[in-house]
>>> print(open('coords_1.pdb').read())   # PDB, C-alpha atoms
ATOM      1  CA  MET A   1     159.913  61.302 283.482
ATOM      2  CA  ARG A   2     156.311  61.003 284.685
ATOM      3  CA  LYS A   3     155.222  63.917 282.467
ATOM      4  CA  PHE A   4     156.802  62.275 279.462
ATOM      5  CA  ILE A   5     155.207  58.892 280.169
ATOM      6  CA  ALA A   6     151.821  60.574 280.605
ATOM      7  CA  PHE A   7     152.313  62.411 277.294
ATOM      8  CA  ILE A   8     153.191  59.161 275.508
ATOM      9  CA  LEU A   9     150.248  57.310 277.066
ATOM     10  CA  PHE A  10     147.771  59.940 275.970
ATOM     11  CA  SER A  11     149.267  60.693 272.581
ATOM     12  CA  VAL A  12     149.429  57.005 271.723
ATOM     13  CA  ALA A  13     145.894  56.435 272.961
ATOM     14  CA  GLY A  14     144.518  59.255 270.838
ATOM     15  CA  THR A  15     146.728  59.000 267.783
ATOM     16  CA  SER A  16     144.440  57.177 265.427
ATOM     17  CA  ALA A  17     141.237  58.961 266.255
ATOM     18  CA  TRP A  18     141.142  61.222 263.179
ATOM     19  CA  CYS A  19     140.932  60.928 259.413
ATOM     20  CA  ALA A  20     138.782  63.214 257.261
ATOM     21  CA  ASP A  21     135.977  61.813 255.121
ATOM     22  CA  THR A  22     136.429  58.332 256.601
ATOM     23  CA  ILE A  23     135.608  58.727 260.276
ATOM     24  CA  ARG A  24     132.171  58.952 261.813
ATOM     25  CA  PRO A  25     131.753  61.734 264.395
ATOM     26  CA  GLY A  26     130.587  60.688 267.839
ATOM     27  CA  LEU A  27     131.765  58.589 270.751
ATOM     28  CA  TRP A  28     134.640  56.171 270.089
ATOM     29  CA  GLU A  29     136.225  53.505 272.265
ATOM     30  CA  VAL A  30     139.988  53.463 271.700
ATOM     31  CA  THR A  31     142.200  50.577 272.876
ATOM     32  CA  THR A  32     145.990  50.970 272.930
ATOM     33  CA  ARG A  33     148.415  48.143 273.689
ATOM     34  CA  SER A  34     152.115  48.574 274.474
ATOM     35  CA  ASP A  35     154.883  47.222 276.656
ATOM     36  CA  LEU A  36     154.958  50.577 278.472
ATOM     37  CA  LEU A  37     151.285  50.202 279.379
ATOM     38  CA  GLY A  38     152.085  46.716 280.636
ATOM     39  CA  LEU A  39     154.281  48.343 283.274
ATOM     40  CA  ALA A  40     151.360  50.372 284.662
ATOM     41  CA  ALA A  41     150.368  47.474 286.927
ATOM     42  CA  HIS A  42     153.724  47.849 288.676
ATOM     43  CA  VAL A  43     153.421  51.599 289.310
ATOM     44  CA  PRO A  44     152.651  52.324 292.970
ATOM     45  CA  SER A  45     149.183  53.801 293.476
ATOM     46  CA  ASP A  46     150.522  57.136 294.783
ATOM     47  CA  GLN A  47     152.618  57.587 291.627
ATOM     48  CA  MET A  48     149.661  56.602 289.434
ATOM     49  CA  GLN A  49     147.609  59.275 291.192
ATOM     50  CA  GLN A  50     150.349  61.811 290.377
ATOM     51  CA  ILE A  51     150.275  60.759 286.706
ATOM     52  CA  THR A  52     146.480  61.049 286.707
ATOM     53  CA  SER A  53     146.704  64.542 288.208
ATOM     54  CA  LEU A  54     149.299  65.516 285.622
ATOM     55  CA  ALA A  55     147.032  64.305 282.844
ATOM     56  CA  ARG A  56     144.217  66.495 284.179
ATOM     57  CA  GLN A  57     146.559  69.496 284.021
ATOM     58  CA  TYR A  58     146.866  68.852 280.277
ATOM     59  CA  GLY A  59     143.077  68.549 280.000
ATOM     60  CA  LEU A  60     143.208  64.777 279.567
ATOM     61  CA  LYS A  61     141.386  62.019 281.371
ATOM     62  CA  MET A  62     143.494  59.011 282.348
ATOM     63  CA  PRO A  63     142.264  55.963 280.439
ATOM     64  CA  ARG A  64     141.495  52.682 282.193
ATOM     65  CA  ILE A  65     144.651  50.530 282.002
ATOM     66  CA  ARG A  66     144.364  46.771 282.316
ATOM     67  CA  ASP A  67     146.436  43.848 281.009
ATOM     68  CA  GLY A  68     148.820  46.098 279.051
ATOM     69  CA  ALA A  69     146.023  48.032 277.344
ATOM     70  CA  ALA A  70     144.587  51.505 277.840
ATOM     71  CA  ILE A  71     140.891  51.770 277.053
ATOM     72  CA  SER A  72     139.433  55.222 276.695
ATOM     73  CA  LYS A  73     136.348  56.951 275.359
ATOM     74  CA  VAL A  74     137.005  59.762 272.886
ATOM     75  CA  CYS A  75     134.469  62.218 271.527
ATOM     76  CA  ILE A  76     135.120  63.186 267.908
ATOM     77  CA  THR A  77     133.240  66.313 266.870
ATOM     78  CA  PRO A  78     132.122  66.814 263.258
ATOM     79  CA  GLU A  79     134.853  69.470 262.923
ATOM     80  CA  MET A  80     137.538  67.033 264.102
ATOM     81  CA  ALA A  81     136.276  64.357 261.711
ATOM     82  CA  GLN A  82     136.798  66.751 258.802
ATOM     83  CA  GLN A  83     140.505  67.395 259.540
ATOM     84  CA  ASP A  84     142.955  66.029 256.965
ATOM     85  CA  ILE A  85     145.774  65.366 259.439
ATOM     86  CA  PRO A  86     145.426  64.836 263.232
ATOM     87  CA  SER A  87     148.132  67.390 264.029
ATOM     88  CA  ARG A  88     146.000  69.278 266.570
ATOM     89  CA  LEU A  89     146.516  66.437 269.040
ATOM     90  CA  TYR A  90     150.265  67.035 269.147
ATOM     91  CA  GLU A  91     150.898  70.677 268.350
ATOM     92  CA  ASN A  92     152.582  72.472 271.246
ATOM     93  CA  GLN A  93     151.889  69.697 273.762
ATOM     94  CA  SER A  94     154.815  68.896 276.029
ATOM     95  CA  GLY A  95     157.230  70.512 273.581
ATOM     96  CA  CYS A  96     156.199  68.272 270.666
ATOM     97  CA  ALA A  97     155.182  69.325 267.172
ATOM     98  CA  VAL A  98     154.055  67.657 263.970
ATOM     99  CA  VAL A  99     156.697  68.254 261.300
ATOM    100  CA  ASN A 100     155.178  66.184 258.500
ATOM    101  CA  GLY A 101     151.748  64.760 257.970
ATOM    102  CA  SER A 102     150.080  63.143 255.024
ATOM    103  CA  ARG A 103     146.877  61.386 254.138
ATOM    104  CA  SER A 104     146.039  59.082 251.278
ATOM    105  CA  GLY A 105     142.483  57.793 251.197
ATOM    106  CA  ASN A 106     141.756  56.083 254.488
ATOM    107  CA  HIS A 107     145.424  56.051 255.650
ATOM    108  CA  TYR A 108     147.290  58.849 257.425
ATOM    109  CA  GLN A 109     150.694  59.306 259.000
ATOM    110  CA  VAL A 110     152.380  62.019 261.042
ATOM    111  CA  GLU A 111     155.924  62.568 262.231
ATOM    112  CA  LEU A 112     156.597  64.087 265.645
ATOM    113  CA  VAL A 113     159.573  65.992 266.982
ATOM    114  CA  CYS A 114     159.830  66.742 270.706
ATOM    115  CA  ASP A 115     162.258  69.252 272.169
ATOM    116  CA  HIS A 116     161.484  69.581 275.859
ATOM    117  CA  PRO A 117     164.042  70.301 278.599
ATOM    118  CA  ARG A 118     163.397  66.875 280.175
ATOM    119  CA  PHE A 119     162.978  64.845 276.997
ATOM    120  CA  LYS A 120     163.854  64.992 273.335
ATOM    121  CA  GLY A 121     162.864  62.632 270.605
ATOM    122  CA  ASN A 122     160.979  61.854 267.477
ATOM    123  CA  GLY A 123     158.317  59.461 266.410
ATOM    124  CA  ARG A 124     155.836  58.412 263.836
ATOM    125  CA  ALA A 125     152.144  57.579 264.056
ATOM    126  CA  GLU A 126     149.932  56.109 261.376
ATOM    127  CA  GLY A 127     146.451  54.717 261.091
ATOM    128  CA  VAL A 128     144.059  53.067 258.665
ATOM    129  CA  PHE A 129     140.281  53.240 258.707
ATOM    130  CA  SER A 130     138.842  49.952 257.465
ATOM    131  CA  THR A 131     135.347  51.472 257.734
ATOM    132  CA  PRO A 132     134.035  54.849 258.953
ATOM    133  CA  GLU A 133     133.438  53.102 262.318
ATOM    134  CA  HIS A 134     136.690  51.152 262.833
ATOM    135  CA  PHE A 135     140.413  51.881 262.674
ATOM    136  CA  THR A 136     143.775  50.368 263.541
ATOM    137  CA  GLY A 137     147.073  52.160 263.969
ATOM    138  CA  LYS A 138     150.533  52.162 265.440
ATOM    139  CA  THR A 139     152.915  54.644 267.013
ATOM    140  CA  GLU A 140     156.690  54.455 267.398
ATOM    141  CA  PHE A 141     158.628  56.964 269.465
ATOM    142  CA  ASN A 142     162.384  57.174 270.168
ATOM    143  CA  SER A 143     163.478  59.575 272.858
ATOM    144  CA  THR A 144     165.888  60.447 275.597
ATOM    145  CA  VAL A 145     164.213  61.104 278.942
ATOM    146  CA  GLN A 146     166.434  62.804 281.507
ATOM    147  CA  GLY A 147     169.446  61.274 279.733
ATOM    148  CA  ALA A 148     168.045  57.737 279.463
ATOM    149  CA  PRO A 149     166.967  56.299 276.081
ATOM    150  CA  LEU A 150     163.333  55.213 275.794
ATOM    151  CA  TYR A 151     161.605  53.517 272.851
ATOM    152  CA  VAL A 152     157.819  53.169 272.804
ATOM    153  CA  TYR A 153     155.814  51.115 270.332
ATOM    154  CA  ALA A 154     152.047  50.867 270.579
ATOM    155  CA  GLU A 155     149.209  49.380 268.575
ATOM    156  CA  THR A 156     145.844  51.093 268.623
ATOM    157  CA  SER A 157     142.369  50.141 267.529
ATOM    158  CA  GLY A 158     139.104  51.994 267.766
ATOM    159  CA  ARG A 159     135.447  51.450 267.230
ATOM    160  CA  TRP A 160     132.584  53.891 266.965
ATOM    161  CA  VAL A 161     130.195  53.509 269.894
ATOM    162  CA  GLY A 162     127.453  56.033 269.142
ATOM    163  CA  ALA A 163     126.516  59.486 267.936
ATOM    164  CA  GLN A 164     126.142  61.058 271.408
ATOM    165  CA  CYS A 165     129.176  62.264 273.387
ATOM    166  CA  GLU A 166     127.614  63.347 276.679
ATOM    167  CA  VAL A 167     129.778  60.992 278.765
ATOM    168  CA  THR A 168     133.138  62.435 277.708
ATOM    169  CA  GLN A 169     134.838  65.604 276.498
ATOM    170  CA  PRO A 170     136.345  66.031 273.012
ATOM    171  CA  VAL A 171     140.099  65.526 272.756
ATOM    172  CA  ARG A 172     141.757  68.962 272.728
TER     173      ARG A 172
END
>>> encode(input="coords_1.pdb", output="structure tokens")
Amino acid sequence: MRKFIAFILFSVAGTSAWCADTIRPGLWEVTTRSDLLGLAAHVPSDQMQQITSLARQYGLKMPRIRDGAAISKVCITPEMAQQDIPSRLYENQSGCAVVNGSRSGNHYQVELVCDHPRFKGNGRAEGVFSTPEHFTGKTEFNSTVQGAPLYVYAETSGRWVGAQCEVTQPVR
């Protein structure tokens, strides 16, 4: 369950950070709001440390979570900014894959299918870049985690902070 929640937290937080020809490479601040993130305040500190350690195993840094929002810094390389669809974020992570993705102008959407021994489900993520330095998006995910149904909805926004990414690593 913890692995799945960590996957959702990080996939939702990074979902809208790509769109070719409309995104400026560099350091971005990404804010994600969801009911699931609102529960983070109630997670005992030892369990939160386990989730943070799990995230590191996947090469991810746990975002700061406060008041139902995760705030993270994401480095977008010029190569990432040129991708049509942000499928690299999801491919082969925690048993999830992108099955459909499309882009039209400054809007993109992807569909996810997860088939992991501990969780199975599907979801959809989409985003819109209002400018090369600002985006909004949403993610919906329906799943079964160790036999229990779980629905996650999140809203994401991002803003370009600067051209230099020394303070963070690119999303892998």
>>> closest_residue(input="coords_1.pdb", among="A:Thr131, A:Asn142, A:Ser102, A:Ser34", to="A:Cys114", atoms="only C-alpha atoms")
A:Asn142
>>> closest_residue(input="coords_1.pdb", among="A:Ala97, A:Met80, A:Cys75, A:Val110", to="A:Val30", atoms="all atoms listed in the file")
A:Cys75
>>> closest_residue(input="coords_1.pdb", among="A:Ser130, A:Pro63, A:Ser53, A:Arg118", to="A:Gly105", atoms="all atoms listed in the file")
A:Ser130
>>> closest_residue(input="coords_1.pdb", among="A:Ala125, A:Leu54, A:Val43, A:Val74", to="A:Gly162", atoms="only C-alpha atoms")
A:Val74
>>> resolve_selection(input="coords_1.pdb", expression="the PyMOL selection byres ((chain A and resi 128) around 7)", output="compact mmCIF listing (two decimals) with C-alpha atoms, in the frame of the given file")
# COMPACT_ATOMS: atom_id res chain seq x y z
CA ASN A 106 141.76 56.08 254.49
CA HIS A 107 145.42 56.05 255.65
CA TYR A 108 147.29 58.85 257.42
CA GLY A 127 146.45 54.72 261.09
CA PHE A 129 140.28 53.24 258.71
CA SER A 130 138.84 49.95 257.46
CA PHE A 135 140.41 51.88 262.67
CA THR A 136 143.78 50.37 263.54
CA GLY A 137 147.07 52.16 263.97
>>> axis_aligned_box(input="coords_1.pdb", around="stretch 153-165 of chain A", padding_each_side="6 Å", output="lines of an AutoDock Vina configuration file")
center_x = 141.0
center_y = 55.8
center_z = 270.2
size_x = 41.7
size_y = 24.9
size_z = 18.4
>>> residues_near_point(input="coords_1.pdb", point="(160.8, 63.5, 268.7)", cutoff="8 Å", atoms="only C-alpha atoms", output="list in words")
Cys96, Leu112, Val113, Cys114, Asp115, Lys120, Gly121, Asn122, Gly123, Phe141, Asn142 and Ser143 of chain A
>>> residues_near_point(input="coords_1.pdb", point="(125.6, 54.6, 271.9)", cutoff="10 Å", atoms="all atoms listed in the file", output="list in words")
Gly26, Leu27, Trp28, Trp160, Val161, Gly162, Ala163, Gln164 and Cys165 of chain A
>>> closest_residue(input="coords_1.pdb", among="A:Gln57, A:Ile76, A:Val152, A:Ser104", to="A:Gly38", atoms="all atoms listed in the file")
A:Val152
>>> resolve_selection(input="coords_1.pdb", expression="the PyMOL selection byres ((chain A and resi 139) around 7)", output="list in words")
Val12, Arg124, Ala125, Glu126, Lys138, Glu140, Phe141, Tyr153, Ala154 and Glu155 of chain A
>>> atom_distance(input="coords_1.pdb", atom1="atom CA of A:Met62", atom2="atom CA of A:Arg103")
28.5 Å
>>> atom_distance(input="coords_1.pdb", atom1="atom CA of A:Ser157", atom2="atom CA of A:Pro25")
16.0 Å
>>> atom_distance(input="coords_1.pdb", atom1="atom CA of A:Pro78", atom2="atom CA of A:Ile23")
9.3 Å
>>> closest_residue(input="coords_1.pdb", among="A:Arg33, A:Arg159, A:Arg56, A:His116", to="A:Ala70", atoms="only C-alpha atoms")
A:Arg33
